[in-house]
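Content type TSV, C-alpha atoms, from the file structure01.tsv:
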chain	number	residue	atom	x	y	z
P	73	MET	CA	-17.20	4.36	2.18
P	74	GLN	CA	-14.74	2.32	4.23
P	75	ASN	CA	-11.78	4.23	5.61
P	76	ALA	CA	-8.51	2.84	6.95
P	77	LEU	CA	-7.60	3.17	10.61
P	78	SER	CA	-4.03	2.55	11.70
P	79	VAL	CA	-2.01	2.49	14.91
P	80	ASP	CA	1.70	3.28	15.04
P	81	VAL	CA	2.80	0.97	17.86
P	82	GLU	CA	5.61	2.62	19.76
P	83	ASP	CA	6.09	3.55	23.40
P	84	TRP	CA	5.91	7.06	24.87
P	85	PHE	CA	9.70	7.49	24.83
P	86	GLN	CA	10.21	6.38	21.21
P	87	VAL	CA	8.61	9.35	19.50
P	88	GLY	CA	10.38	11.80	17.24
P	89	ALA	CA	9.68	14.64	19.67
P	90	PHE	CA	12.02	13.08	22.26
P	91	GLU	CA	14.66	11.59	19.99
P	92	ARG	CA	17.25	14.21	21.03
P	93	THR	CA	16.28	14.06	24.71
P	94	ILE	CA	16.06	10.31	25.43
P	95	ARG	CA	18.85	8.02	24.23
P	96	ARG	CA	18.00	4.68	22.61
P	97	ALA	CA	20.52	3.09	24.95
P	98	ASP	CA	18.27	4.07	27.87
P	99	TRP	CA	14.99	2.69	26.48
P	100	ASP	CA	15.10	-0.66	28.25
P	101	GLY	CA	15.54	1.05	31.61
P	102	LEU	CA	12.42	3.23	31.25
P	103	THR	CA	8.86	2.40	32.26
P	104	HIS	CA	7.24	0.52	29.40
P	105	ARG	CA	3.56	1.26	28.78
P	106	VAL	CA	3.15	0.13	25.17
P	107	GLU	CA	1.64	-3.26	26.01
P	108	CYS	CA	-1.08	-2.01	28.35
P	109	ASN	CA	-1.88	0.93	26.08
P	110	SER	CA	-2.08	-1.30	23.00
P	111	ASP	CA	-4.38	-3.67	24.88
P	112	ALA	CA	-6.61	-0.69	25.69
P	113	VAL	CA	-6.71	0.14	21.98
P	114	LEU	CA	-7.63	-3.46	21.18
P	115	ASP	CA	-10.47	-3.26	23.70
P	116	LEU	CA	-11.70	0.01	22.18
P	117	PHE	CA	-11.67	-1.53	18.70
P	118	ALA	CA	-13.42	-4.69	19.89
P	119	THR	CA	-16.21	-2.65	21.43
P	120	ALA	CA	-16.58	-0.62	18.23
P	121	GLY	CA	-16.34	-3.66	15.94
P	122	VAL	CA	-13.37	-2.12	14.11
P	123	LYS	CA	-10.47	-3.82	12.33
P	124	ALA	CA	-7.29	-1.81	11.83
P	125	THR	CA	-3.62	-1.94	10.84
P	126	PHE	CA	-0.96	-1.91	13.56
P	127	PHE	CA	2.35	-0.54	12.22
P	128	THR	CA	4.65	-1.92	14.89
P	129	LEU	CA	8.29	-1.35	15.76
P	130	GLY	CA	10.39	-4.49	15.66
P	131	TRP	CA	11.85	-3.34	19.00
P	132	VAL	CA	8.37	-3.58	20.55
P	133	ALA	CA	7.53	-6.93	18.94
P	134	GLU	CA	10.86	-8.35	20.12
P	135	ARG	CA	9.94	-7.59	23.74
P	136	TYR	CA	6.19	-8.20	23.58
P	137	PRO	CA	5.59	-11.08	21.16
P	138	ALA	CA	2.37	-12.07	22.92
P	139	LEU	CA	0.96	-8.63	22.14
P	140	MET	CA	1.63	-9.22	18.44
P	141	ARG	CA	-0.24	-12.49	18.62
P	142	ARG	CA	-3.19	-10.81	20.35
P	143	ILE	CA	-3.33	-8.17	17.62
P	144	ALA	CA	-3.29	-10.81	14.89
P	145	ASP	CA	-5.77	-13.09	16.68
P	146	ALA	CA	-8.21	-10.17	16.96
P	147	GLY	CA	-8.27	-9.91	13.16
P	148	HIS	CA	-6.06	-6.86	12.74
P	149	GLU	CA	-3.21	-6.40	10.29
P	150	VAL	CA	0.34	-6.41	11.63
P	151	ALA	CA	2.61	-4.20	9.51
P	152	SER	CA	6.13	-2.80	9.87
P	153	HIS	CA	7.17	0.52	11.39
P	154	GLY	CA	10.87	-0.29	11.15
P	155	TYR	CA	12.97	-1.61	14.01
P	156	ASP	CA	13.63	1.28	16.42
P	157	HIS	CA	12.02	4.39	14.92
P	158	ALA	CA	15.11	5.60	13.10
P	159	ARG	CA	14.06	7.93	10.28
P	160	VAL	CA	14.63	6.61	6.78
P	161	PHE	CA	16.80	9.55	5.71
P	162	THR	CA	19.30	8.66	8.45
P	163	PHE	CA	20.03	5.33	6.69
P	164	THR	CA	22.09	4.42	3.69
P	165	PRO	CA	20.13	2.26	1.23
P	166	GLU	CA	21.93	-0.82	2.56
P	167	GLU	CA	21.10	0.07	6.15
P	168	PHE	CA	17.46	0.65	5.24
P	169	ARG	CA	17.23	-2.77	3.63
P	170	ALA	CA	18.78	-4.37	6.72
P	171	ASP	CA	16.31	-2.54	8.98
P	172	LEU	CA	13.37	-3.74	6.85
P	173	ARG	CA	14.54	-7.35	6.97
P	174	LYS	CA	15.28	-7.32	10.69
P	175	SER	CA	11.94	-5.82	11.72
P	176	ARG	CA	9.90	-7.96	9.32
P	177	ALA	CA	11.45	-11.19	10.59
P	178	ILE	CA	10.66	-10.24	14.19
P	179	LEU	CA	7.09	-9.18	13.40
P	180	GLU	CA	6.27	-12.27	11.35
P	181	ASP	CA	7.75	-14.61	13.93
P	182	ALA	CA	5.82	-12.96	16.76
P	183	SER	CA	2.47	-12.51	15.02
P	184	GLY	CA	2.32	-15.49	12.69
P	185	GLN	CA	1.22	-13.09	9.94
P	186	ALA	CA	2.90	-12.20	6.67
P	187	VAL	CA	3.96	-8.55	6.80
P	188	THR	CA	3.23	-6.73	3.53
P	189	GLY	CA	2.77	-3.11	4.68
P	190	TYR	CA	5.28	-0.52	5.86
P	191	ARG	CA	5.11	2.93	7.42
P	192	ALA	CA	8.29	4.93	7.81
P	193	PRO	CA	8.92	6.37	11.27
P	194	SER	CA	7.83	10.02	11.31
P	195	PHE	CA	6.72	9.73	7.65
P	196	SER	CA	10.38	9.99	6.71
P	197	ILE	CA	10.19	8.86	3.09
P	198	ASP	CA	10.59	12.14	1.24
P	199	PRO	CA	12.71	13.70	-1.54
P	200	ARG	CA	15.87	12.88	0.44
P	201	THR	CA	15.25	9.13	0.00
P	202	PRO	CA	14.59	8.52	-3.72
P	203	TRP	CA	15.79	4.92	-3.30
P	204	ALA	CA	13.45	3.92	-0.44
P	205	HIS	CA	10.38	2.90	-2.43
P	206	GLY	CA	12.53	0.86	-4.79
P	207	ILE	CA	13.95	-1.13	-1.89
P	208	LEU	CA	10.46	-1.69	-0.46
P	209	ALA	CA	9.41	-3.04	-3.86
P	210	GLU	CA	12.46	-5.31	-4.07
P	211	GLU	CA	11.73	-6.64	-0.58
P	212	GLY	CA	8.24	-7.65	-1.64
P	213	TYR	CA	6.14	-5.10	0.21
P	214	ARG	CA	2.64	-4.66	-1.15
P	215	TYR	CA	2.19	-1.10	0.04
P	216	SER	CA	3.76	1.77	1.92
P	217	SER	CA	1.94	4.44	3.94
P	218	SER	CA	5.01	6.54	4.60
P	219	VAL	CA	4.38	9.93	3.00
P	220	ALA	CA	2.70	12.99	4.49
P	221	PRO	CA	1.98	15.35	1.56
P	222	ILE	CA	2.24	18.49	3.71
P	223	ARG	CA	4.74	21.05	4.98
P	224	HIS	CA	5.72	20.41	8.59
P	225	ASP	CA	8.77	21.16	10.70
P	226	HIS	CA	9.39	17.45	11.41
P	227	TYR	CA	8.38	15.80	8.12
P	228	GLY	CA	6.51	16.20	4.87
P	229	TRP	CA	6.66	15.84	1.10
P	230	PRO	CA	4.34	18.63	-0.09
P	231	ASP	CA	4.77	17.79	-3.77
P	232	SER	CA	3.63	14.19	-3.31
P	233	PRO	CA	0.18	13.21	-4.62
P	234	ARG	CA	-2.51	13.36	-1.96
P	235	PHE	CA	-3.91	9.94	-2.85
P	236	ALA	CA	-2.57	6.54	-3.87
P	237	TRP	CA	0.33	6.56	-6.34
P	238	LYS	CA	2.81	4.12	-7.85
P	239	PRO	CA	6.34	5.19	-6.87
P	240	VAL	CA	8.25	2.45	-8.72
P	241	LYS	CA	7.87	1.83	-12.45
P	242	ASP	CA	6.68	-1.67	-13.37
P	243	SER	CA	6.08	-2.55	-9.70
P	244	PRO	CA	2.76	-3.24	-7.95
P	245	LEU	CA	3.96	-1.33	-4.87
P	246	VAL	CA	1.53	1.47	-4.01
P	247	GLU	CA	2.11	4.44	-1.74
P	248	LEU	CA	-0.94	5.39	0.34
P	249	PRO	CA	-0.29	8.81	1.89
P	250	VAL	CA	-1.97	9.79	5.14
P	251	THR	CA	-5.07	11.92	4.72
P	252	THR	CA	-5.00	15.63	4.00
P	253	ALA	CA	-7.78	18.11	3.36
P	254	LYS	CA	-8.01	21.12	1.05
P	255	TRP	CA	-8.86	24.65	2.19
P	256	GLY	CA	-8.73	26.74	-0.94
P	257	LYS	CA	-5.25	26.21	-2.33
P	258	ARG	CA	-3.84	25.05	0.99
P	259	THR	CA	-3.27	21.40	1.87
P	260	LEU	CA	-4.04	20.74	5.53
P	261	ALA	CA	-2.78	17.87	7.66
P	262	ALA	CA	-5.78	15.77	8.68
P	263	GLY	CA	-4.41	12.26	9.02
P	264	GLY	CA	-4.69	11.90	12.76
P	265	GLY	CA	-2.06	11.71	15.48
P	266	GLY	CA	-1.40	15.03	17.14
P	267	PHE	CA	-3.65	16.87	14.69
P	268	PHE	CA	-6.61	14.71	15.69
P	269	ARG	CA	-5.80	15.06	19.39
P	270	LEU	CA	-5.15	18.82	19.43
P	271	LEU	CA	-7.78	20.13	17.02
P	272	PRO	CA	-11.55	20.06	17.58
P	273	TYR	CA	-13.21	16.81	16.56
P	274	GLY	CA	-15.33	18.70	14.03
P	275	PHE	CA	-12.23	19.44	11.94
P	276	SER	CA	-11.42	15.75	11.54
P	277	ARG	CA	-15.02	14.90	10.74
P	278	TRP	CA	-15.11	17.65	8.10
P	279	ALA	CA	-11.80	16.51	6.58
P	280	ILE	CA	-12.83	12.86	6.34
P	281	ARG	CA	-16.16	13.76	4.81
P	282	GLN	CA	-14.41	16.00	2.30
P	283	VAL	CA	-12.12	13.15	1.23
P	284	ASN	CA	-14.99	10.65	1.10
P	285	ASP	CA	-17.68	12.80	-0.52
P	286	GLN	CA	-15.76	15.21	-2.74
P	287	ALA	CA	-12.74	13.13	-3.73
P	288	GLY	CA	-14.49	9.75	-3.47
P	289	ARG	CA	-11.48	8.27	-1.67
P	290	PRO	CA	-10.99	6.53	1.67
P	291	ALA	CA	-9.32	8.41	4.49
P	292	ILE	CA	-6.17	6.95	6.05
P	293	ILE	CA	-5.98	7.92	9.72
P	294	TYR	CA	-3.41	7.04	12.38
P	295	PHE	CA	-2.68	7.47	16.08
P	296	HIS	CA	-0.37	6.00	18.73
P	297	PRO	CA	-1.18	3.90	21.82
P	298	TRP	CA	0.53	6.43	24.10
P	299	GLU	CA	-2.00	9.07	22.98
P	300	ILE	CA	-4.72	7.50	25.11
P	301	ASP	CA	-2.49	7.41	28.21
P	302	PRO	CA	-2.70	10.62	30.30
P	303	ASP	CA	-0.75	8.96	33.14
P	304	GLN	CA	2.44	8.34	31.16
P	305	PRO	CA	5.75	9.68	32.54
P	306	ARG	CA	6.73	13.28	31.78
P	307	VAL	CA	10.04	14.38	30.23
P	308	PRO	CA	10.81	17.67	31.99
P	309	ASP	CA	13.90	18.57	29.95
P	310	ALA	CA	12.25	18.12	26.53
P	311	PRO	CA	11.74	21.25	24.40
P	312	LEU	CA	8.60	23.20	25.27
P	313	ARG	CA	7.09	22.70	21.81
P	314	SER	CA	7.66	18.96	22.02
P	315	LYS	CA	6.01	18.76	25.43
P	316	PHE	CA	3.01	20.74	24.23
P	317	ARG	CA	2.55	18.50	21.18
P	318	HIS	CA	3.05	15.28	23.10
P	319	TYR	CA	1.06	15.86	26.29
P	320	SER	CA	-1.86	18.08	25.25
P	321	ASN	CA	-5.35	16.52	25.28
P	322	LEU	CA	-4.24	13.01	26.19
P	323	SER	CA	-7.24	12.72	28.53
P	324	VAL	CA	-9.77	13.31	25.72
P	325	MET	CA	-8.22	11.09	23.06
P	326	ALA	CA	-10.03	7.84	23.87
P	327	ALA	CA	-13.43	9.55	23.79
P	328	LYS	CA	-12.61	11.19	20.45
P	329	LEU	CA	-11.58	7.81	19.04
P	330	ARG	CA	-14.83	6.23	20.18
P	331	ARG	CA	-16.70	9.00	18.41
P	332	LEU	CA	-14.60	8.54	15.28
P	333	THR	CA	-15.25	4.80	15.15
P	334	SER	CA	-18.98	5.47	15.53
P	335	ASP	CA	-19.24	8.19	12.87
P	336	PHE	CA	-17.40	6.38	10.04
P	337	ASP	CA	-16.76	2.85	8.76
P	338	TRP	CA	-13.22	1.54	9.23
P	339	THR	CA	-11.08	-1.34	8.04
P	340	ARG	CA	-7.47	-2.48	7.71
P	341	ILE	CA	-5.25	-0.74	5.18
P	342	ASP	CA	-4.50	-3.97	3.34
P	343	ALA	CA	-8.22	-4.37	2.66
P	344	LEU	CA	-8.14	-1.19	0.56
P	345	VAL	CA	-4.86	-1.71	-1.28
P	346	GLU	CA	-6.16	-3.49	-4.37
P	347	ALA	CA	-8.87	-0.91	-5.11
P	348	GLU	CA	-6.55	2.03	-4.40
P	349	ALA	CA	-3.75	0.53	-6.49
P	350	ALA	CA	-6.14	0.29	-9.44
P	351	ARG	CA	-6.77	4.03	-9.16
P	352	ALA	CA	-3.17	5.01	-8.50
P	353	SER	CA	-1.25	7.26	-10.86

Have the structure of the file written as structure tokens, please.
Amino acid sequence: MQNALSVDVEDWFQVGAFERTIRRADWDGLTHRVECNSDAVLDLFATAGVKATFFTLGWVAERYPALMRRIADAGHEVASHGYDHARVFTFTPEEFRADLRKSRAILEDASGQAVTGYRAPSFSIDPRTPWAHGILAEEGYRYSSSVAPIRHDHYGWPDSPRFAWKPVKDSPLVELPVTTAKWGKRTLAAGGGGFFRLLPYGFSRWAIRQVNDQAGRPAIIYFHPWEIDPDQPRVPDAPLRSKFRHYSNLSVMAAKLRRLTSDFDWTRIDALVEAEAARAS
């Protein structure tokens, strides 16, 4: 079973946890670590022989076009994460369309790749944005991986299907939610990111095996380049919960990723879209 590994390419200060603490207007004046951290991820993947999908902010690609070319030249998929990590439910439909077009143009120009995949910042396609998938379909996207079918204080669409589904009638667009696991009647977040970093590795291994062996479906896992960077700057005035989520276990993340790439087979998300679309509801 091939699973899909993805990287949400954003810098340490662009995360949802700090969106009320660090102003977008101040981003350019902060220490940027996204390029060196992304290069470390590329090295880790090269050593493991892994191909993955890099959902990248247009803001990052605009400033580091050579990084986009290195990602593409290494055989990875470049996909869109929007322009500057604004959550989809903060947009009007017209603003969302403009954000999609702006970020896609930047990513394609920098990488030389056609961009056909999209992941909403902070998995912010949910019941508040019933128009979002329709706009993605109209803009020619092949797939979205923008839904987390869980309950969470920052995001979630618990009533969404756990596996691939067709959100727009008479459209080939497929939504590929991030991975969850079942514990009795409960749906557990198991798609990566902070959950992978904070919880014991055995939980993630169990969850992926459950999805592969019991459901017969590929897992879709994600993380961020800043998660392998224990030396990144600290934000002392951020909320305590945000600091705990953001900074815990940064020093062990790279080793856990190496173990993950050894224990399972991984590929780009676009390599799985056709088969998953055929099984989608």

Nearest-residue call for Ala291 in chain P, choices P:Trp84, P:Phe268, P:Tyr155, P:Phe235, using all atoms listed in the file: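 Checking each of P:Trp84, P:Phe268, P:Tyr155, P:Phe235 against Ala291 in chain P, counting all atoms listed in the file, the winner is P:Phe235.
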
Point (9.0, -0.6, -7.5) neighbourhood (12 Å, all atoms listed in the file) written as a list in words: Pro202, Trp203, Ala204, His205, Gly206, Ile207, Leu208, Ala209, Glu210, Glu211, Gly212, Tyr213, Arg214, Tyr215, Ser216, Trp237, Lys238, Pro239, Val240, Lys241, Asp242, Ser243, Pro244, Leu245, Val246 and Glu247 of chain P

Selected residues written out with C-alpha atoms, as an mmCIF file, keeping the file's coordinate frame:
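Generated output (part_11.cif):
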data_model
loop_
_atom_site.group_PDB
_atom_site.id
_atom_site.type_symbol
_atom_site.label_atom_id
_atom_site.label_comp_id
_atom_site.auth_asym_id
_atom_site.auth_seq_id
_atom_site.Cartn_x
_atom_site.Cartn_y
_atom_site.Cartn_z
ATOM 1 C CA PRO P 202 14.590 8.520 -3.720
ATOM 2 C CA TRP P 203 15.790 4.920 -3.300
ATOM 3 C CA ALA P 204 13.450 3.920 -0.440
ATOM 4 C CA HIS P 205 10.380 2.900 -2.430
ATOM 5 C CA GLY P 206 12.530 0.860 -4.790
ATOM 6 C CA ILE P 207 13.950 -1.130 -1.890
ATOM 7 C CA LEU P 208 10.460 -1.690 -0.460
ATOM 8 C CA ALA P 209 9.410 -3.040 -3.860
ATOM 9 C CA GLU P 210 12.460 -5.310 -4.070
ATOM 10 C CA GLU P 211 11.730 -6.640 -0.580
ATOM 11 C CA GLY P 212 8.240 -7.650 -1.640
ATOM 12 C CA TYR P 213 6.140 -5.100 0.210
ATOM 13 C CA ARG P 214 2.640 -4.660 -1.150
ATOM 14 C CA TYR P 215 2.190 -1.100 0.040
ATOM 15 C CA SER P 216 3.760 1.770 1.920
ATOM 16 C CA TRP P 237 0.330 6.560 -6.340
ATOM 17 C CA LYS P 238 2.810 4.120 -7.850
ATOM 18 C CA PRO P 239 6.340 5.190 -6.870
ATOM 19 C CA VAL P 240 8.250 2.450 -8.720
ATOM 20 C CA LYS P 241 7.870 1.830 -12.450
ATOM 21 C CA ASP P 242 6.680 -1.670 -13.370
ATOM 22 C CA SER P 243 6.080 -2.550 -9.700
ATOM 23 C CA PRO P 244 2.760 -3.240 -7.950
ATOM 24 C CA LEU P 245 3.960 -1.330 -4.870
ATOM 25 C CA VAL P 246 1.530 1.470 -4.010
ATOM 26 C CA GLU P 247 2.110 4.440 -1.740
#

All residues 6 Å or closer to Ser217 in chain P, all atoms listed in the file, same chain fewer than 3 positions away omitted, as a list of chain:residue names: P:Arg191, P:Glu247, P:Leu248, P:Pro249

Ser334 in chain P surroundings by all atoms listed in the file, 12 Å radius, close-in-sequence under 5 positions cut, as a VMD selection string: chain P and resid 116 to 117 119 to 122 277 327 to 329

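With distances restricted to only C-alpha atoms, P:Phe195 is the closest residue to Gly265 in chain P from P:Tyr190, P:Tyr136, P:Phe195, P:Trp278.
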
8 Å contact set for Leu322 in chain P, only C-alpha atoms, chain neighbours under 3 positions out, as a list in words: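 Near neighbours after the sequence-gap exclusion: Arg269, Glu299, Ile300, Asp301, Pro302, Tyr319 and Met325 of chain P.
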
Pairwise distance for CA of Phe163 in chain P and CA of Lys315 in chain P, rounded to one decimal in Å: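 That distance, rounded to one decimal, is 27.0 Å.
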
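The shell of residues at most 8 Å from Arg234 in chain P, with only C-alpha atoms counted and near chain neighbours (fewer than 2 positions) removed, consists of Pro221, Ser232, Ala236, Pro249, Val250, Thr251 and Thr252 of chain P.
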
Separation of CA of Asp303 in chain P from CA of Asp98 in chain P, in Å and rounded to one decimal: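 Computing it gives 20.3 Å between the two atoms.
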
Atomic distance CA of Leu260 in chain P - CA of Ala279 in chain P, expressed in Å with one decimal: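 Between these atoms lies a distance of 8.9 Å.
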
Residue with smallest distance to Ser353 in chain P - pool P:Gly228, P:Ala170, P:Pro233, P:Asp198, counting all atoms listed in the file: P:Pro233

Shell around Ala138 in chain P at 12 Å using all atoms listed in the file, local window under 3 positions removed, as a ChimeraX atom specification: /P:107-108,110-111,132-135,141-145,179,181-184

Distance criterion (only C-alpha atoms): nearest to Asp335 in chain P out of P:Phe316, P:Ala97, P:Pro305, P:Gly274: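 Of all the options, P:Gly274 lies closest to Asp335 in chain P.
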